[in-house]
file final_10.cif (mmCIF, C-alpha atoms)
data_input
#
loop_
_atom_site.group_PDB
_atom_site.id
_atom_site.type_symbol
_atom_site.label_atom_id
_atom_site.label_comp_id
_atom_site.auth_asym_id
_atom_site.auth_seq_id
_atom_site.Cartn_x
_atom_site.Cartn_y
_atom_site.Cartn_z
ATOM 1 C CA MET A 23 134.882 71.378 55.489
ATOM 2 C CA ARG A 24 133.234 74.379 53.716
ATOM 3 C CA PRO A 25 129.702 73.816 55.192
ATOM 4 C CA THR A 26 131.169 73.605 58.723
ATOM 5 C CA ARG A 27 133.021 76.911 58.299
ATOM 6 C CA PHE A 28 129.837 78.757 57.270
ATOM 7 C CA LEU A 29 127.497 77.210 59.876
ATOM 8 C CA PRO A 30 128.089 79.889 62.583
ATOM 9 C CA LEU A 31 127.454 82.613 60.004
ATOM 10 C CA LEU A 32 124.170 80.985 58.959
ATOM 11 C CA LEU A 33 123.028 80.661 62.572
ATOM 12 C CA THR A 34 123.860 84.311 63.191
ATOM 13 C CA THR A 35 121.859 85.300 60.116
ATOM 14 C CA PHE A 36 118.798 83.332 61.230
ATOM 15 C CA LEU A 37 118.967 84.850 64.726
ATOM 16 C CA ALA A 38 119.217 88.334 63.249
ATOM 17 C CA VAL A 39 116.151 87.727 61.083
ATOM 18 C CA GLY A 40 114.239 86.524 64.162
ATOM 19 C CA THR A 41 115.172 89.694 66.015
ATOM 20 C CA VAL A 42 114.022 91.914 63.165
ATOM 21 C CA GLN A 43 110.648 90.158 63.052
ATOM 22 C CA ALA A 44 109.954 90.766 66.758
ATOM 23 C CA ASP A 45 108.049 94.007 67.276
ATOM 24 C CA GLU A 46 106.446 96.008 70.061
ATOM 25 C CA VAL A 47 102.756 96.820 70.091
ATOM 26 C CA GLN A 48 101.367 99.802 71.998
ATOM 27 C CA VAL A 49 98.058 98.833 73.600
ATOM 28 C CA ALA A 50 95.393 100.921 75.351
ATOM 29 C CA VAL A 51 93.819 98.602 77.930
ATOM 30 C CA ALA A 52 90.622 99.200 79.900
ATOM 31 C CA ALA A 53 91.561 99.315 83.587
ATOM 32 C CA ASN A 54 89.379 96.336 84.507
ATOM 33 C CA PHE A 55 91.506 94.114 82.264
ATOM 34 C CA THR A 56 94.850 94.963 83.892
ATOM 35 C CA ALA A 57 95.548 91.638 85.602
ATOM 36 C CA PRO A 58 94.491 89.391 82.691
ATOM 37 C CA ILE A 59 96.468 91.318 80.063
ATOM 38 C CA GLN A 60 99.591 91.239 82.223
ATOM 39 C CA ALA A 61 99.340 87.453 82.357
ATOM 40 C CA ILE A 62 98.551 87.241 78.647
ATOM 41 C CA ALA A 63 101.444 89.565 77.767
ATOM 42 C CA ALA A 64 103.997 87.200 79.296
ATOM 43 C CA ASP A 65 102.713 84.253 77.243
ATOM 44 C CA PHE A 66 102.341 86.403 74.124
ATOM 45 C CA GLU A 67 105.981 87.483 74.256
ATOM 46 C CA LYS A 68 107.182 83.947 74.969
ATOM 47 C CA ASP A 69 105.114 82.412 72.169
ATOM 48 C CA THR A 70 105.499 85.071 69.447
ATOM 49 C CA GLY A 71 108.591 87.095 70.349
ATOM 50 C CA HIS A 72 106.521 90.288 70.172
ATOM 51 C CA LYS A 73 106.357 92.608 73.172
ATOM 52 C CA LEU A 74 103.144 94.148 74.463
ATOM 53 C CA VAL A 75 103.483 97.657 75.942
ATOM 54 C CA ALA A 76 100.280 98.536 77.812
ATOM 55 C CA ALA A 77 98.702 101.701 79.185
ATOM 56 C CA TYR A 78 95.715 101.359 81.543
ATOM 57 C CA GLY A 79 92.763 103.687 81.993
ATOM 58 C CA ALA A 80 89.106 104.481 81.403
ATOM 59 C CA THR A 81 87.645 103.666 78.004
ATOM 60 C CA GLY A 82 86.172 107.138 77.520
ATOM 61 C CA GLN A 83 89.494 108.794 78.306
ATOM 62 C CA PHE A 84 91.271 106.511 75.840
ATOM 63 C CA TYR A 85 88.778 107.489 73.151
ATOM 64 C CA THR A 86 89.719 111.150 73.622
ATOM 65 C CA GLN A 87 93.439 110.342 73.576
ATOM 66 C CA ILE A 88 93.125 108.246 70.415
ATOM 67 C CA LYS A 89 91.216 111.034 68.669
ATOM 68 C CA ASN A 90 93.998 113.428 69.702
ATOM 69 C CA GLY A 91 96.702 111.263 68.103
ATOM 70 C CA ALA A 92 97.909 109.021 70.944
ATOM 71 C CA PRO A 93 100.321 106.353 69.616
ATOM 72 C CA PHE A 94 98.157 103.332 70.479
ATOM 73 C CA GLU A 95 97.995 100.529 67.934
ATOM 74 C CA VAL A 96 95.469 98.208 69.592
ATOM 75 C CA PHE A 97 92.566 99.172 71.856
ATOM 76 C CA LEU A 98 91.070 96.775 74.410
ATOM 77 C CA ALA A 99 87.970 98.650 75.539
ATOM 78 C CA ALA A 100 85.573 97.998 78.408
ATOM 79 C CA ASP A 101 82.589 98.257 76.066
ATOM 80 C CA ASP A 102 81.638 97.566 72.472
ATOM 81 C CA THR A 103 80.263 101.004 71.606
ATOM 82 C CA THR A 104 83.537 102.947 71.795
ATOM 83 C CA PRO A 105 85.454 100.677 69.377
ATOM 84 C CA ALA A 106 82.391 100.695 67.096
ATOM 85 C CA LYS A 107 82.405 104.496 67.147
ATOM 86 C CA LEU A 108 86.103 104.591 66.272
ATOM 87 C CA ASP A 109 85.337 102.096 63.494
ATOM 88 C CA SER A 110 82.667 104.370 62.043
ATOM 89 C CA GLU A 111 84.978 107.378 62.269
ATOM 90 C CA GLY A 112 87.746 105.724 60.263
ATOM 91 C CA ASP A 113 90.249 105.318 63.107
ATOM 92 C CA THR A 114 90.569 101.528 62.945
ATOM 93 C CA ILE A 115 91.481 98.690 60.631
ATOM 94 C CA LYS A 116 88.154 97.533 59.231
ATOM 95 C CA GLY A 117 87.251 93.969 60.109
ATOM 96 C CA SER A 118 89.599 93.749 63.094
ATOM 97 C CA ARG A 119 87.025 94.473 65.818
ATOM 98 C CA PHE A 120 85.785 91.556 67.946
ATOM 99 C CA THR A 121 84.526 90.829 71.486
ATOM 100 C CA TYR A 122 87.405 89.521 73.576
ATOM 101 C CA ALA A 123 85.526 89.306 76.901
ATOM 102 C CA ILE A 124 82.167 89.872 78.565
ATOM 103 C CA GLY A 125 82.668 91.506 81.931
ATOM 104 C CA THR A 126 80.986 90.889 85.269
ATOM 105 C CA LEU A 127 80.199 93.556 87.864
ATOM 106 C CA ALA A 128 80.644 92.902 91.593
ATOM 107 C CA LEU A 129 79.789 94.774 94.776
ATOM 108 C CA TRP A 130 82.860 94.370 96.969
ATOM 109 C CA SER A 131 84.186 95.230 100.405
ATOM 110 C CA ALA A 132 87.708 94.661 101.664
ATOM 111 C CA LYS A 133 86.119 93.451 104.924
ATOM 112 C CA ASP A 134 85.295 89.780 105.272
ATOM 113 C CA GLY A 135 81.562 89.202 105.721
ATOM 114 C CA TYR A 136 80.559 92.821 105.063
ATOM 115 C CA VAL A 137 78.880 92.158 101.716
ATOM 116 C CA ASP A 138 76.331 89.342 101.705
ATOM 117 C CA ALA A 139 75.797 86.962 98.810
ATOM 118 C CA LYS A 140 72.608 88.750 97.662
ATOM 119 C CA GLY A 141 73.702 92.386 98.006
ATOM 120 C CA GLN A 142 71.291 93.151 100.848
ATOM 121 C CA VAL A 143 73.921 95.504 102.284
ATOM 122 C CA LEU A 144 72.934 98.024 99.603
ATOM 123 C CA LYS A 145 69.300 98.101 100.723
ATOM 124 C CA ASP A 146 70.263 98.202 104.404
ATOM 125 C CA ASN A 147 72.051 101.500 103.641
ATOM 126 C CA THR A 148 74.182 101.503 106.799
ATOM 127 C CA PHE A 149 77.383 102.351 104.919
ATOM 128 C CA GLN A 150 78.792 105.876 104.588
ATOM 129 C CA HIS A 151 80.542 105.638 101.210
ATOM 130 C CA LEU A 152 79.876 103.648 98.025
ATOM 131 C CA SER A 153 82.601 103.691 95.384
ATOM 132 C CA ILE A 154 81.877 103.606 91.650
ATOM 133 C CA ALA A 155 83.834 104.435 88.520
ATOM 134 C CA ASN A 156 82.932 107.537 86.521
ATOM 135 C CA PRO A 157 79.853 106.404 84.542
ATOM 136 C CA LYS A 158 80.618 108.871 81.733
ATOM 137 C CA ALA A 159 84.055 107.392 81.056
ATOM 138 C CA ALA A 160 84.005 103.848 82.458
ATOM 139 C CA PRO A 161 81.452 101.233 81.318
ATOM 140 C CA TYR A 162 81.625 99.473 84.696
ATOM 141 C CA GLY A 163 80.627 102.759 86.322
ATOM 142 C CA LEU A 164 77.689 103.057 83.944
ATOM 143 C CA ALA A 165 76.670 99.487 84.785
ATOM 144 C CA ALA A 166 76.816 100.344 88.495
ATOM 145 C CA THR A 167 74.392 103.265 88.018
ATOM 146 C CA GLN A 168 72.059 100.982 86.062
ATOM 147 C CA VAL A 169 72.037 98.524 88.963
ATOM 148 C CA LEU A 170 71.198 101.268 91.445
ATOM 149 C CA ASP A 171 68.412 102.518 89.179
ATOM 150 C CA LYS A 172 66.967 99.054 88.699
ATOM 151 C CA LEU A 173 66.975 98.384 92.443
ATOM 152 C CA GLY A 174 65.362 101.761 93.128
ATOM 153 C CA LEU A 175 68.323 102.902 95.225
ATOM 154 C CA ALA A 176 69.806 105.699 93.111
ATOM 155 C CA ALA A 177 68.299 108.584 95.096
ATOM 156 C CA GLN A 178 68.916 106.862 98.405
ATOM 157 C CA VAL A 179 72.678 106.468 97.908
ATOM 158 C CA LYS A 180 73.386 109.536 95.778
ATOM 159 C CA GLY A 181 75.004 111.483 98.621
ATOM 160 C CA LYS A 182 77.228 108.543 99.514
ATOM 161 C CA LEU A 183 78.828 107.965 96.119
ATOM 162 C CA VAL A 184 82.599 108.271 95.801
ATOM 163 C CA GLU A 185 83.520 108.434 92.129
ATOM 164 C CA GLY A 186 86.824 107.183 90.724
ATOM 165 C CA GLN A 187 88.169 108.243 87.345
ATOM 166 C CA ASN A 188 88.238 104.584 86.302
ATOM 167 C CA ILE A 189 87.537 101.160 87.756
ATOM 168 C CA THR A 190 91.046 100.909 89.224
ATOM 169 C CA GLN A 191 90.521 104.031 91.304
ATOM 170 C CA ALA A 192 87.061 102.816 92.332
ATOM 171 C CA TYR A 193 88.708 99.618 93.563
ATOM 172 C CA GLN A 194 91.428 101.562 95.375
ATOM 173 C CA PHE A 195 88.874 103.614 97.330
ATOM 174 C CA VAL A 196 87.536 100.358 98.774
ATOM 175 C CA SER A 197 90.858 98.572 99.249
ATOM 176 C CA THR A 198 92.283 101.517 101.223
ATOM 177 C CA GLY A 199 89.183 101.847 103.416
ATOM 178 C CA ASN A 200 88.070 105.220 102.034
ATOM 179 C CA ALA A 201 84.788 103.530 101.093
ATOM 180 C CA GLU A 202 83.226 100.602 102.917
ATOM 181 C CA LEU A 203 82.137 99.026 99.659
ATOM 182 C CA GLY A 204 82.034 99.681 95.958
ATOM 183 C CA PHE A 205 81.155 98.398 92.518
ATOM 184 C CA VAL A 206 84.235 96.892 90.870
ATOM 185 C CA ALA A 207 85.043 94.551 88.015
ATOM 186 C CA LEU A 208 84.883 90.950 89.180
ATOM 187 C CA SER A 209 88.284 90.416 87.552
ATOM 188 C CA GLN A 210 89.866 92.710 90.158
ATOM 189 C CA ILE A 211 88.892 90.467 93.067
ATOM 190 C CA TYR A 212 88.520 87.037 91.487
ATOM 191 C CA LYS A 213 90.865 84.274 90.338
ATOM 192 C CA ASP A 214 90.330 80.631 89.483
ATOM 193 C CA GLY A 215 86.756 80.361 90.672
ATOM 194 C CA LYS A 216 86.809 82.336 93.913
ATOM 195 C CA VAL A 217 86.894 85.826 95.381
ATOM 196 C CA THR A 218 90.469 86.365 96.540
ATOM 197 C CA SER A 219 89.895 88.878 99.355
ATOM 198 C CA GLY A 220 87.150 90.520 101.368
ATOM 199 C CA SER A 221 83.490 89.811 100.581
ATOM 200 C CA ALA A 222 81.448 90.301 97.438
ATOM 201 C CA TRP A 223 78.103 90.038 95.687
ATOM 202 C CA ILE A 224 78.422 89.032 92.052
ATOM 203 C CA VAL A 225 75.801 91.243 90.429
ATOM 204 C CA PRO A 226 73.267 89.361 88.269
ATOM 205 C CA ALA A 227 73.722 90.214 84.610
ATOM 206 C CA ASN A 228 70.033 91.134 84.212
ATOM 207 C CA LEU A 229 70.491 94.208 86.423
ATOM 208 C CA HIS A 230 72.555 96.092 83.828
ATOM 209 C CA ASP A 231 73.344 96.165 80.129
ATOM 210 C CA PRO A 232 75.824 93.492 78.989
ATOM 211 C CA ILE A 233 79.436 94.587 79.434
ATOM 212 C CA LYS A 234 80.707 93.415 76.057
ATOM 213 C CA GLN A 235 84.375 94.337 75.759
ATOM 214 C CA ASP A 236 85.665 94.750 72.217
ATOM 215 C CA ALA A 237 89.198 94.886 70.874
ATOM 216 C CA VAL A 238 90.216 96.605 67.645
ATOM 217 C CA ILE A 239 93.383 97.368 65.715
ATOM 218 C CA LEU A 240 93.743 101.130 65.418
ATOM 219 C CA SER A 241 94.974 102.924 62.311
ATOM 220 C CA LYS A 242 98.441 103.395 63.790
ATOM 221 C CA GLY A 243 98.803 99.606 64.008
ATOM 222 C CA ARG A 244 98.133 99.045 60.316
ATOM 223 C CA ASP A 245 101.714 98.088 59.387
ATOM 224 C CA ASN A 246 102.761 96.516 62.684
ATOM 225 C CA PRO A 247 102.779 92.687 62.572
ATOM 226 C CA ALA A 248 102.694 92.602 66.375
ATOM 227 C CA ALA A 249 99.296 94.342 66.387
ATOM 228 C CA ALA A 250 97.739 91.689 64.148
ATOM 229 C CA ALA A 251 99.502 88.953 66.108
ATOM 230 C CA LEU A 252 98.092 90.211 69.410
ATOM 231 C CA VAL A 253 94.516 90.280 68.136
ATOM 232 C CA GLU A 254 94.861 86.723 66.854
ATOM 233 C CA TYR A 255 96.474 85.643 70.132
ATOM 234 C CA LEU A 256 93.543 87.045 72.125
ATOM 235 C CA LYS A 257 91.237 84.754 70.131
ATOM 236 C CA GLY A 258 93.312 81.671 70.967
ATOM 237 C CA PRO A 259 92.992 79.040 73.715
ATOM 238 C CA LYS A 260 95.782 80.295 75.987
ATOM 239 C CA ALA A 261 94.331 83.785 76.222
ATOM 240 C CA ALA A 262 90.810 82.387 76.610
ATOM 241 C CA ALA A 263 91.870 80.278 79.608
ATOM 242 C CA ILE A 264 93.396 83.314 81.337
ATOM 243 C CA ILE A 265 90.400 85.531 80.562
ATOM 244 C CA GLN A 266 87.963 82.980 81.984
ATOM 245 C CA ALA A 267 90.117 82.439 85.079
ATOM 246 C CA TYR A 268 89.468 86.086 85.987
ATOM 247 C CA GLY A 269 85.696 85.683 85.842
ATOM 248 C CA TYR A 270 84.974 86.916 82.331
ATOM 249 C CA GLN A 271 82.776 85.139 79.811
ATOM 250 C CA ARG A 272 83.761 84.625 76.177
#

call {"tool": "encode", "arguments": {"input": "final_10.cif", "output": "structure tokens"}}
result
Amino acid sequence: MRPTRFLPLLLTTFLAVGTVQADEVQVAVAANFTAPIQAIAADFEKDTGHKLVAAYGATGQFYTQIKNGAPFEVFLAADDTTPAKLDSEGDTIKGSRFTYAIGTLALWSAKDGYVDAKGQVLKDNTFQHLSIANPKAAPYGLAATQVLDKLGLAAQVKGKLVEGQNITQAYQFVSTGNAELGFVALSQIYKDGKVTSGSAWIVPANLHDPIKQDAVILSKGRDNPAAAALVEYLKGPKAAAIIQAYGYQR
């Protein structure tokens, strides 16, 4: 009878240990990766018990916040240069940095049929406003300016540019009709092999520098098991399937 009497106590003890081992991880997430990380977060919590708490914004702005002591423990950037810079400045856990996704740029309009499959609408120049993210803070904005330069259109459209602080705001300018079209992250308008709304030109990768997006554990995440668990989870098959469903490469 003794083992039976102590069984509830043992179960309670095991449950308590499980609760103690579950941690939160504070993550700075590049705005273009909002939808994928929200889907990944649900699976991550279900599979590991850890909770992901995300903030979304421009990579350049996150760099400034991290340098000023923001409490982020993991950084999912929209480029590879910013995490590398933080690495060199001693703000990360050495060896934790890796490329979690390679982004794709798209020219998008909320209107069906407005953007053709080859981006000729840019050269036609009949639009009044072209939305891009701030190229100094957002890698997708920088890629957009590279495309315009390579196509010889930078001077032609300069007076029509509407600049968002990050790629989310650039998308919002188009989705609300404040700009007829804009350069956005493909992940914002794409799911499971197709553009989900409006019309788009998927920009060829040879028109801009590769958008390699790196993740890194920051110094504040050194002693948090959830930070290490998240980085490992992002390398796994479940996360990879979600990332690719939103149009990223691995």

call {"tool": "resolve_selection", "arguments": {"input": "final_10.cif", "expression": "the PyMOL selection byres ((chain A and resi 262) around 12)", "output": "PyMOL selection string"}}
result
chain A and resi 58-59+61-62+121-124+254-261+263-272

call {"tool": "axis_aligned_box", "arguments": {"input": "final_10.cif", "around": "region 138-151 of chain A", "padding_each_side": "4 Å", "output": "JSON"}}
result
{"center_x": 74.9, "center_y": 96.4, "center_z": 102.2, "size_x": 19.2, "size_y": 26.9, "size_z": 17.1}

call {"tool": "residues_around", "arguments": {"input": "final_10.cif", "residues": "Asp146 (chain A)", "least_positions_apart": "4", "cutoff": "12 Å", "atoms": "all atoms listed in the file", "output": "PyMOL selection string"}}
result
chain A and resi 136-138+140-142+150+175+178-179

call {"tool": "resolve_selection", "arguments": {"input": "final_10.cif", "expression": "the PyMOL selection byres ((chain A and resi 247-251) around 6)", "output": "list in words"}}
result
Asp45, Val47, His72, Gly243, Asn246, Leu252, Val253 and Glu254 of chain A

call {"tool": "resolve_selection", "arguments": {"input": "final_10.cif", "expression": "the PyMOL selection byres ((chain A and resi 104) around 10)", "output": "list in words"}}
result
Thr81, Gly82, Phe84, Tyr85, Phe97, Ala99, Ala100, Asp101, Asp102, Thr103, Pro105, Ala106, Lys107, Leu108, Asp109, Ser110, Pro161, Gln235, Asp236 and Ala237 of chain A

call {"tool": "closest_atom_pairs", "arguments": {"input": "final_10.cif", "of": "region 78-191 of chain A", "to": "region 48-54 of chain A", "cutoff": "9 Å", "atoms": "all atoms listed in the file", "output": "JSON lines"}}
result
{"residue": "A:Tyr78", "atom": "CA", "partner": "A:Val51", "partner_atom": "CA", "distance": 4.9}
{"residue": "A:Gly79", "atom": "CA", "partner": "A:Ala53", "partner_atom": "CA", "distance": 4.8}
{"residue": "A:Ala80", "atom": "CA", "partner": "A:Ala52", "partner_atom": "CA", "distance": 5.7}
{"residue": "A:Thr81", "atom": "CA", "partner": "A:Ala52", "partner_atom": "CA", "distance": 5.7}
{"residue": "A:Phe84", "atom": "CA", "partner": "A:Ala50", "partner_atom": "CA", "distance": 7.0}
{"residue": "A:Pro93", "atom": "CA", "partner": "A:Gln48", "partner_atom": "CA", "distance": 7.0}
{"residue": "A:Phe94", "atom": "CA", "partner": "A:Gln48", "partner_atom": "CA", "distance": 5.0}
{"residue": "A:Glu95", "atom": "CA", "partner": "A:Gln48", "partner_atom": "CA", "distance": 5.3}
{"residue": "A:Val96", "atom": "CA", "partner": "A:Val49", "partner_atom": "CA", "distance": 4.8}
{"residue": "A:Phe97", "atom": "CA", "partner": "A:Ala50", "partner_atom": "CA", "distance": 4.8}
{"residue": "A:Leu98", "atom": "CA", "partner": "A:Val51", "partner_atom": "CA", "distance": 4.8}
{"residue": "A:Ala99", "atom": "CA", "partner": "A:Ala52", "partner_atom": "CA", "distance": 5.1}
{"residue": "A:Ala100", "atom": "CA", "partner": "A:Ala52", "partner_atom": "CA", "distance": 5.4}
{"residue": "A:Asp101", "atom": "CA", "partner": "A:Ala52", "partner_atom": "CA", "distance": 9.0}
{"residue": "A:Gly125", "atom": "CA", "partner": "A:Asn54", "partner_atom": "CA", "distance": 8.7}
{"residue": "A:Ala160", "atom": "CA", "partner": "A:Ala52", "partner_atom": "CA", "distance": 8.5}
{"residue": "A:Tyr162", "atom": "CA", "partner": "A:Asn54", "partner_atom": "CA", "distance": 8.4}
{"residue": "A:Asn188", "atom": "CA", "partner": "A:Ala53", "partner_atom": "CA", "distance": 6.8}
{"residue": "A:Ile189", "atom": "CA", "partner": "A:Ala53", "partner_atom": "CA", "distance": 6.1}
{"residue": "A:Thr190", "atom": "CA", "partner": "A:Ala53", "partner_atom": "CA", "distance": 5.9}

call {"tool": "atom_distance", "arguments": {"input": "final_10.cif", "atom1": "CA of Asp113 (chain A)", "atom2": "CA of Leu240 (chain A)"}}
result
5.9 Å

call {"tool": "residues_around", "arguments": {"input": "final_10.cif", "residues": "Lys133 (chain A)", "least_positions_apart": "6", "cutoff": "10 Å", "atoms": "only C-alpha atoms", "output": "number ranges by chain"}}
result
A: 196-197, 199, 202-203, 219-222

call {"tool": "atom_distance", "arguments": {"input": "final_10.cif", "atom1": "CA of Ala57 (chain A)", "atom2": "CA of Gln210 (chain A)"}}
result
7.4 Å

call {"tool": "residues_around", "arguments": {"input": "final_10.cif", "residues": "Ala64 (chain A)", "least_positions_apart": "4", "cutoff": "9 Å", "atoms": "only C-alpha atoms", "output": "number ranges by chain"}}
result
A: 59-60, 68-69, 73-74

call {"tool": "atom_distance", "arguments": {"input": "final_10.cif", "atom1": "CA of Thr114 (chain A)", "atom2": "CA of Asp245 (chain A)"}}
result
12.2 Å

call {"tool": "residues_around", "arguments": {"input": "final_10.cif", "residues": "Ala166 (chain A)", "least_positions_apart": "2", "cutoff": "9 Å", "atoms": "only C-alpha atoms", "output": "list in words"}}
result
Leu127, Ala128, Leu129, Ile154, Ala155, Pro157, Pro161, Tyr162, Gly163, Leu164, Gln168, Val169, Leu170, Asp171, Phe205, Val206 and His230 of chain A

call {"tool": "closest_residue", "arguments": {"input": "final_10.cif", "among": "A:Gly71, A:Ser241, A:Glu185, A:Gly174", "to": "Asn156 (chain A)", "atoms": "all atoms listed in the file"}}
result
A:Glu185

call {"tool": "closest_residue", "arguments": {"input": "final_10.cif", "among": "A:Thr70, A:Thr86, A:Ser118, A:Thr56", "to": "Val238 (chain A)", "atoms": "all atoms listed in the file"}}
result
A:Ser118

call {"tool": "decode", "arguments": {"input": "final_10.cif", "residues": "region 223-246 of chain A", "atoms": "C-alpha atoms", "output": "PDB file, in the first residue's frame"}}
result
ATOM      1  CA  TRP A 223       6.519  40.186 -59.418  1.00  0.00           C
ATOM      2  CA  ILE A 224       8.954  37.935 -57.593  1.00  0.00           C
ATOM      3  CA  VAL A 225      12.213  39.821 -58.061  1.00  0.00           C
ATOM      4  CA  PRO A 226      15.051  37.724 -59.537  1.00  0.00           C
ATOM      5  CA  ALA A 227      17.780  37.161 -56.976  1.00  0.00           C
ATOM      6  CA  ASN A 228      20.483  38.450 -59.352  1.00  0.00           C
ATOM      7  CA  LEU A 229      19.082  41.991 -59.135  1.00  0.00           C
ATOM      8  CA  HIS A 230      20.216  42.500 -55.530  1.00  0.00           C
ATOM      9  CA  ASP A 231      22.625  41.151 -52.945  1.00  0.00           C
ATOM     10  CA  PRO A 232      21.506  37.894 -51.289  1.00  0.00           C
ATOM     11  CA  ILE A 233      19.200  38.495 -48.329  1.00  0.00           C
ATOM     12  CA  LYS A 234      20.831  36.034 -45.949  1.00  0.00           C
ATOM     13  CA  GLN A 235      19.035  36.206 -42.612  1.00  0.00           C
ATOM     14  CA  ASP A 236      21.086  35.147 -39.603  1.00  0.00           C
ATOM     15  CA  ALA A 237      20.031  34.250 -36.085  1.00  0.00           C
ATOM     16  CA  VAL A 238      22.253  34.548 -33.020  1.00  0.00           C
ATOM     17  CA  ILE A 239      21.994  34.082 -29.272  1.00  0.00           C
ATOM     18  CA  LEU A 240      22.730  37.397 -27.585  1.00  0.00           C
ATOM     19  CA  SER A 241      24.744  37.775 -24.394  1.00  0.00           C
ATOM     20  CA  LYS A 242      21.603  38.184 -22.297  1.00  0.00           C
ATOM     21  CA  GLY A 243      20.490  34.704 -23.386  1.00  0.00           C
ATOM     22  CA  ARG A 244      23.649  33.000 -22.158  1.00  0.00           C
ATOM     23  CA  ASP A 245      22.034  31.230 -19.181  1.00  0.00           C
ATOM     24  CA  ASN A 246      18.546  30.767 -20.613  1.00  0.00           C
TER      25      ASN A 246
END
